[in-house]
Amino acid sequence: MQKINRNVVLALLSLTSVVFLLFQLCYYKFYLSQKNGAAFSKVRGSQSGQDSTRWHVVRKFLGLISSHDIPVYLIDPLILGLVDKDIEQIRSSPDGPSPECKYFCAPRDFTTFALLDKTWKHEVGLFRTAEKMGFQWLKIINKDPRLDGMDDLSGMEIPLHYIFKLASHAIHLVVFYERSGNFLWHGPLRLKQHMDRKFVPFRKLHFGRYPGAYEKPELLLVSIDDLKVQIPKNPSSFLEEMSHSRFLECRYREARAFFQLYPDDASLDAVEFRKKAKSLLHLAALTLNNLGVKFWLSSGTCLGWYRQCNVIPHSKDVDLGIFIRDYKADIIPAFQKAGLPLKHKFGKVEDSLELSFQGEDDVKLDIFFFYEEDDHIWNGGTQAKSGKKFKYLFPKFTLCWTEFVELKVHVPCETLQYVETNYGPEWKVPVKTWDWKSSPSNVQDNGVWPVDEWDDVIQIY
């Protein structure tokens, strides 16, 4: 009898072990694998381990946002770079170009998508669903700079970035907003003090370090690795735009402090000049953009933006800079066609070129061409009556976007250095008397034009 009982007990223990093992396998397959991204039998050319985890997380994220009718598009530079190489094949093939997981399985810690703010109402339901699907999420908010102005600096906070994390992969969702200059803007990723800085490798996020400015993209719906996703129609153009997208806000707090010391000129003449200068700048930007010529705010116009977020009313002109490498012979005819006759042309393409166009009434547009040397950049000046040449030296600089008089325009990223070089350490103090030949801190003599060249290098209309 004892022997029978022992066999029964052993049999029951064996059966219990088998049932428990089956339960663990089922639990892992049908629950943990869906939650943590460990099962990938459906992806074409499925790869094992981490590669498939990335694809699985992207698939779940796309399912999440699709269930809430949120239109996102792919802006991940690594994936777009791969896609761009096969773009023709991807466009022509509804099922994608390759039977293997080539793009979303590429090694990386996160995948980046974009969301246009106006296309989505911030629904709490999205995050509840995300949590049920196993996602952890983080929302990064900050002040809305579009509400900042001379009269109000208390902009409300808006969502700038979302992070959705599942297993070992994260989705970075960048929120883009429309600005008054008819472009898209995203803010920087700045963590609040209480946030977990180890949630994802934040320093690696491509769209987190600086604010960025972009043109509104034309989108294309494609199939990549068996996943339907929208991408910029021209990935290479987007990637090029991304590499030069850094954005600088106008410094409204500093501008308000400036006007407390030096009250703004609100006279009728000042108001009229600013109106004409704004119109002239918009026309100049349209003309140069149509030519594909990159330019930036220079001299007094740059100082006005940086110091007081506006046009300096006593300057009487609009100043732009262009690298001489971007010069095109079409510039003069294009401005004349736009209704801006050439007022003077000094110098030549090889040396000290400077153009001036006549705007409305006495408002003129000055375009200075900049020449790059090994350790500095310079632009030239010419005195018409004597043929004297002048040179204005600047440290090397890069270009950033900003918004000025409802226009997306470039300024030097190293703006303080640029302004100080030109106007000296007292640049914060307004000066109404200015001699372009001697007042700038960075001016130096540069010889005299030979008399036999005057007809070519000194042209006044």
# chains A, B, ... in the order shown; residues from 1 in each chain; ligands from 1
call {"tool": "residues_around", "arguments": {"residues": "Leu184 of chain A", "least_positions_apart": "3", "cutoff": "9 Å", "atoms": "only C-alpha atoms", "output": "compact mmCIF listing (two decimals) with N, CA and C atoms, in the first residue's frame"}}
result
# COMPACT_ATOMS: atom_id res chain seq x y z
N LEU A 116 2.50 67.12 -35.82
CA LEU A 116 2.09 68.52 -35.92
C LEU A 116 1.04 68.80 -34.85
N PHE A 176 5.84 69.53 -33.41
CA PHE A 176 6.13 70.72 -34.21
C PHE A 176 4.95 71.69 -34.14
N TYR A 177 5.28 72.97 -34.09
CA TYR A 177 4.28 74.03 -34.02
C TYR A 177 4.49 75.01 -35.18
N GLU A 178 3.40 75.58 -35.65
CA GLU A 178 3.49 76.60 -36.69
C GLU A 178 3.84 77.94 -36.07
N ARG A 179 4.75 78.67 -36.72
CA ARG A 179 5.12 80.00 -36.28
C ARG A 179 4.59 81.02 -37.28
N GLY A 181 6.03 83.10 -39.06
CA GLY A 181 6.80 83.21 -40.29
C GLY A 181 6.49 82.10 -41.28
N GLY A 212 14.55 73.88 -33.29
CA GLY A 212 14.80 73.78 -34.73
C GLY A 212 13.69 74.41 -35.54
N ALA A 213 14.03 74.88 -36.73
CA ALA A 213 13.07 75.49 -37.66
C ALA A 213 13.11 74.74 -38.98
N TYR A 214 11.92 74.44 -39.52
CA TYR A 214 11.80 73.65 -40.74
C TYR A 214 10.70 74.21 -41.63
N GLU A 215 10.83 73.97 -42.92
CA GLU A 215 9.73 74.24 -43.82
C GLU A 215 8.68 73.15 -43.66
N LYS A 216 7.46 73.43 -44.03
CA LYS A 216 6.41 72.41 -43.93
C LYS A 216 6.69 71.32 -44.96
call {"tool": "residues_around", "arguments": {"residues": "Val451 of chain A", "least_positions_apart": "5", "cutoff": "12 Å", "atoms": "only C-alpha atoms", "output": "PyMOL selection string"}}
result
chain A and resi 384-388+456-458
call {"tool": "write_last_selection", "arguments": {"atoms": "C-alpha atoms", "output": "PDB file, in the first residue's frame"}}
result
ATOM      1  CA  ALA A 384      33.040 106.490 -53.803  1.00  0.00           C
ATOM      2  CA  LYS A 385      34.738 109.915 -53.955  1.00  0.00           C
ATOM      3  CA  SER A 386      38.260 108.700 -53.107  1.00  0.00           C
ATOM      4  CA  GLY A 387      38.293 105.039 -54.128  1.00  0.00           C
ATOM      5  CA  LYS A 388      39.476 104.097 -50.619  1.00  0.00           C
ATOM      6  CA  ASP A 456      33.923  98.870 -62.826  1.00  0.00           C
ATOM      7  CA  VAL A 457      34.211  98.967 -59.033  1.00  0.00           C
ATOM      8  CA  ILE A 458      32.456 102.277 -58.274  1.00  0.00           C
TER       9      ILE A 458
END
call {"tool": "closest_residue", "arguments": {"among": "A:Lys348, A:Leu340, A:Asp86, A:Ser299", "to": "Thr421 of chain A", "atoms": "only C-alpha atoms"}}
result
A:Ser299
call {"tool": "residues_around", "arguments": {"residues": "Leu342 of chain A", "least_positions_apart": "3", "cutoff": "9 Å", "atoms": "only C-alpha atoms", "output": "compact mmCIF listing (two decimals) with all heavy atoms, in the first residue's frame"}}
result
# COMPACT_ATOMS: atom_id res chain seq x y z
N ILE A 332 21.11 90.93 -59.16
CA ILE A 332 20.74 92.30 -59.54
C ILE A 332 19.49 92.31 -60.42
O ILE A 332 18.53 93.04 -60.11
CB ILE A 332 21.92 93.01 -60.23
CG1 ILE A 332 23.06 93.22 -59.23
CG2 ILE A 332 21.47 94.35 -60.81
CD1 ILE A 332 24.31 93.84 -59.82
N PHE A 335 16.30 91.59 -58.28
CA PHE A 335 15.82 92.69 -57.45
C PHE A 335 15.20 93.81 -58.31
O PHE A 335 14.21 94.42 -57.90
CB PHE A 335 16.96 93.25 -56.59
CG PHE A 335 17.16 92.50 -55.30
CD1 PHE A 335 18.25 91.66 -55.13
CD2 PHE A 335 16.25 92.63 -54.27
CE1 PHE A 335 18.43 90.97 -53.94
CE2 PHE A 335 16.42 91.94 -53.08
CZ PHE A 335 17.51 91.10 -52.91
N GLN A 336 15.79 94.06 -59.45
CA GLN A 336 15.21 95.07 -60.33
C GLN A 336 13.83 94.64 -60.80
O GLN A 336 12.90 95.47 -60.88
CB GLN A 336 16.15 95.31 -61.51
CG GLN A 336 17.44 96.01 -61.10
CD GLN A 336 18.44 96.13 -62.24
OE1 GLN A 336 18.51 95.26 -63.11
NE2 GLN A 336 19.22 97.21 -62.24
N LYS A 345 26.78 99.88 -56.85
CA LYS A 345 27.53 98.63 -56.84
C LYS A 345 29.00 98.98 -56.64
O LYS A 345 29.61 99.65 -57.46
CB LYS A 345 27.35 97.87 -58.16
CG LYS A 345 28.18 96.60 -58.25
CD LYS A 345 28.05 95.94 -59.63
CE LYS A 345 28.97 94.74 -59.74
NZ LYS A 345 28.95 94.15 -61.10
N LEU A 355 26.36 95.66 -52.70
CA LEU A 355 25.24 96.12 -53.51
C LEU A 355 24.27 96.91 -52.65
O LEU A 355 24.07 96.60 -51.47
CB LEU A 355 24.50 94.94 -54.17
CG LEU A 355 25.30 94.01 -55.07
CD1 LEU A 355 24.43 92.85 -55.53
CD2 LEU A 355 25.88 94.76 -56.26
N SER A 356 23.64 97.90 -53.26
CA SER A 356 22.62 98.67 -52.55
C SER A 356 21.44 98.90 -53.49
O SER A 356 21.62 99.30 -54.65
CB SER A 356 23.17 100.01 -52.08
OG SER A 356 22.20 100.72 -51.34
N PHE A 357 20.23 98.61 -53.00
CA PHE A 357 19.02 98.76 -53.80
C PHE A 357 18.09 99.76 -53.13
O PHE A 357 18.02 99.84 -51.90
CB PHE A 357 18.30 97.41 -53.95
CG PHE A 357 19.11 96.38 -54.69
CD1 PHE A 357 19.94 95.51 -53.99
CD2 PHE A 357 19.05 96.29 -56.07
CE1 PHE A 357 20.70 94.56 -54.66
CE2 PHE A 357 19.80 95.34 -56.75
CZ PHE A 357 20.63 94.48 -56.05
N GLN A 358 17.38 100.52 -53.95
CA GLN A 358 16.50 101.56 -53.44
C GLN A 358 15.11 101.00 -53.19
O GLN A 358 14.45 100.51 -54.09
CB GLN A 358 16.40 102.72 -54.43
CG GLN A 358 15.63 103.91 -53.90
CD GLN A 358 16.28 104.52 -52.66
OE1 GLN A 358 17.43 104.92 -52.68
NE2 GLN A 358 15.54 104.56 -51.56
N ILE A 460 27.53 104.13 -59.42
CA ILE A 460 26.43 104.80 -58.69
C ILE A 460 25.32 105.14 -59.69
O ILE A 460 25.60 105.68 -60.76
CB ILE A 460 26.93 106.07 -57.98
CG1 ILE A 460 28.08 105.71 -57.00
CG2 ILE A 460 25.79 106.77 -57.24
CD1 ILE A 460 28.70 106.91 -56.33
N TYR A 461 24.09 104.85 -59.31
CA TYR A 461 22.95 105.07 -60.23
C TYR A 461 21.99 106.11 -59.67
O TYR A 461 21.89 106.29 -58.47
CB TYR A 461 22.24 103.75 -60.45
CG TYR A 461 23.13 102.68 -61.05
CD1 TYR A 461 23.87 101.83 -60.22
CD2 TYR A 461 23.26 102.54 -62.42
CE1 TYR A 461 24.71 100.87 -60.77
CE2 TYR A 461 24.10 101.58 -62.99
CZ TYR A 461 24.82 100.74 -62.14
OH TYR A 461 25.65 99.79 -62.67
